[in-house]
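A.B. asks: Here it is, the structure in full.
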Amino acid sequence: MMKWLKILVIATLFVSCDENGIEGYTPYSPTLQPLNIPQIFSDNILPPIIPLDNPQTVEGVALGRKLFFDTILSANNSQACASCHSPENAFTDSDRFSEGIDGIQGNRNSMPIFNLAWNYDDNFFWDGRSFGLEKQALEPVENPIEMHNTWKEAIISLQNDGEYPNLFFDAFGTQTIDSILVTKAIAQFERTLISANSRFDKHLLNQITLTPSELNGFNVFMDESKGDCFHCHGNANNPLWTDNDFHNNGLDATFLDIGLGKFTGNPADNGKFKSPSLRNLKFTAPYMHDGRFATIDDVINHYSEGLVNSSTIDPLMKAVNDGGVQLSASDKTDLKAFLLSLSDDEFITNPAFQNPN
Amino acid sequence: MKFIKIFLTFTLIISFFGCDDDYDTIIFGGTISINFNHYWDGQQVTSADFNTETYTNENNDILTISKLRYLVSNITLHKSDGSSTKLVDYYLVDLSGGTSFSISDILDGNDYSSISFTFGFNEADNIDGNYIDLNSKSWNWPTMLGGGYHFMQFEGKYGATGTENPFAYHNGTARVSTGVFEQNFFNVSLEGFTSSESETIVEIKMNLDQWFEDPYTWDLDTYNTTLMPNYNAQKLMQQNGASVFSLGIVN
């Protein structure tokens with residue numbers, strides 16, 4: 001005991017003031033890679049959430065990117081994260097329900113992945129059941145209708161791979177791989193998936209002029225007596241275009257999937273799901289937590305004429321007793337034009353976000 | 001062994017400070033905590049009551065509450081000699097988030113006897129997009145209605161069970177007509193306590209029933225949703241708001 005304490009004392013002194021390291025020893029030294037925060041974000045909203053124990057590094061992001069696109073995490077080596085979160089679809093799935101490795105479908109639409117570091121409450125999934133991006137990434141590997149693997153087997157596969165142990169050393173200073181390091185790397189890559197270069201962003205930066213239809217569509221969006229979309233989906237000063245909160249938006253009278261309520265246990269949360277960002281709708285069809293709407297027109301028609309009352313419907317669905325906010329045909333056209341102006345073509349083709357394998 | 005423990009402790013302390021060039025200046029003073037509590041006819045309301053507890057307003061509408069957030073700004077302590085100390089520029093009270101804050105190290109914390117604040121932002125402070133923390137909470141008020149920020153979002157449902165209607169009592173700048181706006185904040189001053197040097201806890205009570213009465217008996221069938229662009233509703237909120245705050249327990 002005494003011997004260990006003495007060693008600890010010496011080590012503490014050594015670490016606390018030495019800047020040059022031990023002679024002859026090459027320390028693990030990842031290169032920090034802070035997020036490239038768009039001006040439209042830094043001007044308007046709080047800084048991103050980066051866990052203190054998982055700083056962004058060049059090596060960590062590269063490793064996370066490789067893992068994200070690698071089928072090695074699935075039980076039969078057939079499915080990667082990117083299988084259901086494709087770059088060309090703004091990292092969601094064009095299928096209503098994704099199939100896991102056994103051909104079994106889930107009951108929710110895959111969520112798009114971008115600007116996740118600005119999810120300030122840090123609740124992930126449609127029902128918010130995972131706190132933190134790293135924790136979210138733990139689940140799909142073992143989910144029986146997704147990758148249907150065990151973390152033990154996934155780690156064995158990675159540990160026996162010719163490349164991964166060295167890549168983990170470069171990123172985290174150890175060749176001993178575990179699920180915590182895997183999810184840290186994936187989360188680092190996911191945090192780099194930043195989308196902020198849409199036509200509307202350029203309009204806010206005074207780089208382009210929107211069409212009259214797009215501008216009127218924005219007014220419909222911001223008008224409480226018309227679309228009233230802004231209460232849940234942001235505004236020009238909150239360019240995330242989501243409140244990252246949970247709402248019952250009048251889809252059903254009764255719930256086959258109770259959403260947030262299953263996680264919180266509060267019946268008042270039944271039927272509530274996370275507001276998705278309205279960025280990149282051009283690429284993210286189908287829409288809603290269960291992908292029930294194939295087109296943006298279907299979504300607009302839902303809020304205009306298709307609202308259904310239920311016990312937990314959000315008071316912001318104010319016109320539910322009239323079926324919706326009853327937009328005119330021209331306002332619907334303009335609202336759609338505005339919504340499409342939030343899509344970012346460069347995001348889905350960004351070389352840094354493609355499959356490196 | 002005892003020597004080693006002492007040496008270890010000393011070493012750890014040295015290691016913490018050994019490489020630091022600067023020391024922060026710490027000024028000790030009083031602490032004041034401001035607690036915003038909420039009541040309906042004397043019965044406390046918290047987020048645990050949301051969606052389930054029913055309340056009856058002056059107009060005999062039965063309602064439930066699902067959300068209550070509001071902004072108070074320029075929260076300032078005053079002494080009888082006229083001196084004052086601003087505690088915070090603004091604070092967003094959210095019954096599902098935070099409803100209290102504390103400020104430490106107030107110099108000469110004795111003898112404050114009143115507290116004042118603005119409900120919402122005054123005209124000078126209500127600058128569109130100026131506060132990134134409020135932007136991040138989508139607290140903005142539409143530009144077409146004068147811009148700036150919401151002052152309050154008070155939401156719920158009213159009416160008989162099974163046939164409820166929503167209400168969204170949202171307050172902010174009042175639009176008179178297109179491009180013409182009227183400020184809608186109000187100032188609150190609560191007196192009658194004495195702060196101490198060490199710690200003082202001030203309870204500020206918002207009496208929710210007052211939003212629906214005095215002077216205007218609020219009829220939810222008349223004013224329920226889409227109130228933001230409704231000039232009359234906005235001014236009635238301002239009038240009723242004048243009596244919603246009172247001083248609670250101070251210790």
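So you can find residues: chains in the structure tokens are A, B, ... in the order shown, residues in each start at 1, and ligands are numbered from 1 in order.
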Pick out the residues sitting within 9 Å of Ile32 (chain B), and hand them over as a list in words; count only C-alpha atoms, and ignore anything fewer than 4 positions along from it in its own chain.

C.D. replies: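 Close residues of Ile32 (chain B): Leu87, Phe101, Ser102, Ile103, Ser104, Asp105, Ile106, Gly109, Ser195, Ser196, Ser198, Glu199, Thr200, Ile201 and Val202 of chain B.
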
A.B. asks: From region 121-338 of chain A, collect each residue whose DSSP state is helix (DSSP H, G or I) and return the set as a ChimeraX atom specification.

C.D. replies: /A:133-142,151-159,164-172,179-191,199-204,212-222,230-233,260-264,267-269,296-305,320-322,329-338

A.B. asks: Counting only C-alpha atoms, which of A:Gly291, A:Pro286, A:Pro112, A:Pro48 gets nearest to chain B?

C.D. replies: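 Selected residue with least distance to chain B: A:Pro48.
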
A.B. asks: Report as a count of residues only all protein, DNA and RNA residues lying within 10 Å of Asn89 (chain A), evaluated on only C-alpha atoms, omitting residues in the same chain fewer than 3 positions from it.

C.D. replies: 16

A.B. asks: Considering only C-alpha atoms, return as a PyMOL selection string whatever protein or nucleic-acid residues lie within 7 Å of region 191-198 of chain A, sequence-local ones (same chain, fewer than 3 positions apart) excluded.

C.D. replies: chain A and resi 35+38+114-117+187-188+201-202+341-344+347

A.B. asks: Selection from above, C-alpha atoms, as an mmCIF file, in the first residue's frame, can you write it?

C.D. replies:
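Generated output (selection-v3.cif):
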```cif
data_model
loop_
_atom_site.group_PDB
_atom_site.id
_atom_site.type_symbol
_atom_site.label_atom_id
_atom_site.label_comp_id
_atom_site.auth_asym_id
_atom_site.auth_seq_id
_atom_site.Cartn_x
_atom_site.Cartn_y
_atom_site.Cartn_z
ATOM 1 C CA LEU A 35 -16.304 21.461 -35.455
ATOM 2 C CA PRO A 38 -21.317 27.724 -39.764
ATOM 3 C CA PHE A 114 -27.291 16.283 -39.237
ATOM 4 C CA ASN A 115 -26.656 19.141 -36.828
ATOM 5 C CA LEU A 116 -26.982 16.704 -33.925
ATOM 6 C CA ALA A 117 -24.400 18.561 -31.825
ATOM 7 C CA ALA A 187 -20.482 10.140 -32.384
ATOM 8 C CA GLN A 188 -17.453 12.235 -33.352
ATOM 9 C CA ASP A 201 -29.168 30.157 -45.307
ATOM 10 C CA LYS A 202 -27.663 32.039 -48.231
ATOM 11 C CA SER A 341 -35.365 26.268 -49.788
ATOM 12 C CA LEU A 342 -34.112 24.736 -46.510
ATOM 13 C CA SER A 343 -32.501 21.841 -48.360
ATOM 14 C CA ASP A 344 -28.751 21.759 -48.697
ATOM 15 C CA PHE A 347 -24.532 18.437 -47.671
#
```

A.B. asks: Skipping near chain neighbours, those fewer than 6 positions away, what residues fall within 9 Å of region 238-249 of chain A using only C-alpha atoms, listed as a PyMOL selection string?

C.D. replies: (chain A and resi 40-41+44-45+115+118-123+126-128+196+201+230-232+260+269-279+303+307-308+310+312-314+316-317+342) or (chain B and resi 129+132+135-138+140)

A.B. asks: Just the residues within 8 Å of Ser73 (chain B), please, counting only C-alpha atoms, with nothing from its chain fewer than 5 positions along; format it as an MDAnalysis selection string.

C.D. replies: chainID B and resid 88:91 117:121

A.B. asks: Grab the residues selected above and save them as a compact mmCIF listing (two decimals), in the first residue's frame with C-alpha atoms.

C.D. replies:
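Everything below was put into part15.txt:
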```txt
# COMPACT_ATOMS: atom_id res chain seq x y z
CA VAL B 88 -29.72 39.43 -14.01
CA ASP B 89 -30.50 40.97 -17.38
CA TYR B 90 -33.22 38.40 -18.03
CA TYR B 91 -34.47 35.03 -16.93
CA PHE B 117 -38.48 43.46 -12.92
CA THR B 118 -40.05 43.82 -16.32
CA PHE B 119 -42.48 41.22 -17.57
CA GLY B 120 -41.06 40.50 -21.02
CA PHE B 121 -38.53 42.89 -22.48
```

A.B. asks: In region 61-302 of chain A, what's strand (DSSP E or B) per DSSP? Answer as a PDB file with N, CA and C atoms, in the first residue's frame?

C.D. replies:
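Saved as states16.pdb:
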```
ATOM      1  N   SER A  86     -28.339   6.842 -45.134  1.00  0.00           N
ATOM      2  CA  SER A  86     -27.554   7.034 -46.350  1.00  0.00           C
ATOM      3  C   SER A  86     -27.252   8.515 -46.606  1.00  0.00           C
ATOM      4  N   THR A  92     -30.867   9.487 -43.840  1.00  0.00           N
ATOM      5  CA  THR A  92     -32.005   8.679 -43.439  1.00  0.00           C
ATOM      6  C   THR A  92     -32.207   7.621 -44.516  1.00  0.00           C
ATOM      7  N   GLU A  99     -35.101  -2.374 -43.030  1.00  0.00           N
ATOM      8  CA  GLU A  99     -35.004  -3.795 -42.706  1.00  0.00           C
ATOM      9  C   GLU A  99     -33.698  -4.065 -41.991  1.00  0.00           C
ATOM     10  N   GLN A 105     -38.648  -5.683 -40.517  1.00  0.00           N
ATOM     11  CA  GLN A 105     -38.793  -4.230 -40.523  1.00  0.00           C
ATOM     12  C   GLN A 105     -39.125  -3.699 -39.132  1.00  0.00           C
ATOM     13  N   ASN A 123     -31.421  14.538 -26.148  1.00  0.00           N
ATOM     14  CA  ASN A 123     -32.298  13.365 -26.196  1.00  0.00           C
ATOM     15  C   ASN A 123     -32.409  12.897 -27.642  1.00  0.00           C
ATOM     16  N   PHE A 124     -32.145  11.615 -27.862  1.00  0.00           N
ATOM     17  CA  PHE A 124     -32.133  11.088 -29.225  1.00  0.00           C
ATOM     18  C   PHE A 124     -33.166   9.977 -29.401  1.00  0.00           C
ATOM     19  N   SER A 130     -32.714   7.901 -25.585  1.00  0.00           N
ATOM     20  CA  SER A 130     -31.266   7.870 -25.325  1.00  0.00           C
ATOM     21  C   SER A 130     -30.759   9.263 -25.017  1.00  0.00           C
ATOM     22  N   PHE A 131     -30.075   9.379 -23.892  1.00  0.00           N
ATOM     23  CA  PHE A 131     -29.497  10.662 -23.500  1.00  0.00           C
ATOM     24  C   PHE A 131     -28.034  10.682 -23.927  1.00  0.00           C
ATOM     25  N   ASN A 235     -37.120  29.277 -36.579  1.00  0.00           N
ATOM     26  CA  ASN A 235     -37.378  30.494 -37.337  1.00  0.00           C
ATOM     27  C   ASN A 235     -36.035  31.004 -37.837  1.00  0.00           C
ATOM     28  N   ASN A 238     -33.452  30.844 -35.320  1.00  0.00           N
ATOM     29  CA  ASN A 238     -33.107  29.506 -34.838  1.00  0.00           C
ATOM     30  C   ASN A 238     -33.020  28.580 -36.039  1.00  0.00           C
ATOM     31  N   PHE A 246     -40.836  17.373 -28.082  1.00  0.00           N
ATOM     32  CA  PHE A 246     -41.738  16.269 -28.419  1.00  0.00           C
ATOM     33  C   PHE A 246     -43.184  16.764 -28.425  1.00  0.00           C
ATOM     34  N   HIS A 247     -43.915  16.388 -29.453  1.00  0.00           N
ATOM     35  CA  HIS A 247     -45.281  16.874 -29.614  1.00  0.00           C
ATOM     36  C   HIS A 247     -46.171  15.776 -30.194  1.00  0.00           C
ATOM     37  N   GLY A 259     -44.780   6.393 -28.405  1.00  0.00           N
ATOM     38  CA  GLY A 259     -43.678   7.343 -28.492  1.00  0.00           C
ATOM     39  C   GLY A 259     -43.076   7.702 -27.145  1.00  0.00           C
ATOM     40  N   LYS A 272     -46.523  11.386 -28.397  1.00  0.00           N
ATOM     41  CA  LYS A 272     -45.598  12.483 -28.696  1.00  0.00           C
ATOM     42  C   LYS A 272     -44.310  11.937 -29.321  1.00  0.00           C
ATOM     43  N   PHE A 273     -43.845  12.636 -30.348  1.00  0.00           N
ATOM     44  CA  PHE A 273     -42.603  12.280 -31.016  1.00  0.00           C
ATOM     45  C   PHE A 273     -41.792  13.552 -31.257  1.00  0.00           C
ATOM     46  N   LYS A 274     -40.510  13.365 -31.451  1.00  0.00           N
ATOM     47  CA  LYS A 274     -39.617  14.509 -31.633  1.00  0.00           C
ATOM     48  C   LYS A 274     -39.953  15.268 -32.910  1.00  0.00           C
ATOM     49  N   TYR A 287     -42.083  10.946 -44.600  1.00  0.00           N
ATOM     50  CA  TYR A 287     -42.087  11.850 -43.447  1.00  0.00           C
ATOM     51  C   TYR A 287     -42.947  11.320 -42.297  1.00  0.00           C
ATOM     52  N   PHE A 293     -46.285   9.632 -44.617  1.00  0.00           N
ATOM     53  CA  PHE A 293     -46.504  10.574 -45.703  1.00  0.00           C
ATOM     54  C   PHE A 293     -45.356  10.499 -46.708  1.00  0.00           C
TER      55      PHE A 293
END
```

A.B. asks: Rounded to one decimal place, report the CA of Gln239 (chain B)-CA of Phe167 (chain B) distance in Å.

C.D. replies: 18.7 Å

A.B. asks: Tell me which of A:Arg292, A:Lys332, A:Lys135, A:His233 sits closest to chain B, counting only C-alpha atoms.

C.D. replies: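 Closest to chain B, using only C-alpha atoms: A:His233.
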
A.B. asks: Please provide as a list in words all residues within 9 Å of Asp178 (chain A), with the sequence filter that same-chain residues fewer than 2 positions apart are discarded (counting only C-alpha atoms).

C.D. replies: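 Returned residues: Trp151, Lys152, Ile155, Thr176, Ile180, Leu181, Val182 and Thr183 of chain A.
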
A.B. asks: So how many Å separate CA of Gly227 (chain A) and CA of Tyr158 (chain B), to one decimal?

C.D. replies: 22.7 Å

A.B. asks: What's the separation between CA of Tyr28 (chain A) and CA of Ala62 (chain A), in Å to one decimal place?

C.D. replies: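 Answer for the CA of Tyr28 (chain A) to CA of Ala62 (chain A) separation: 16.1 Å.
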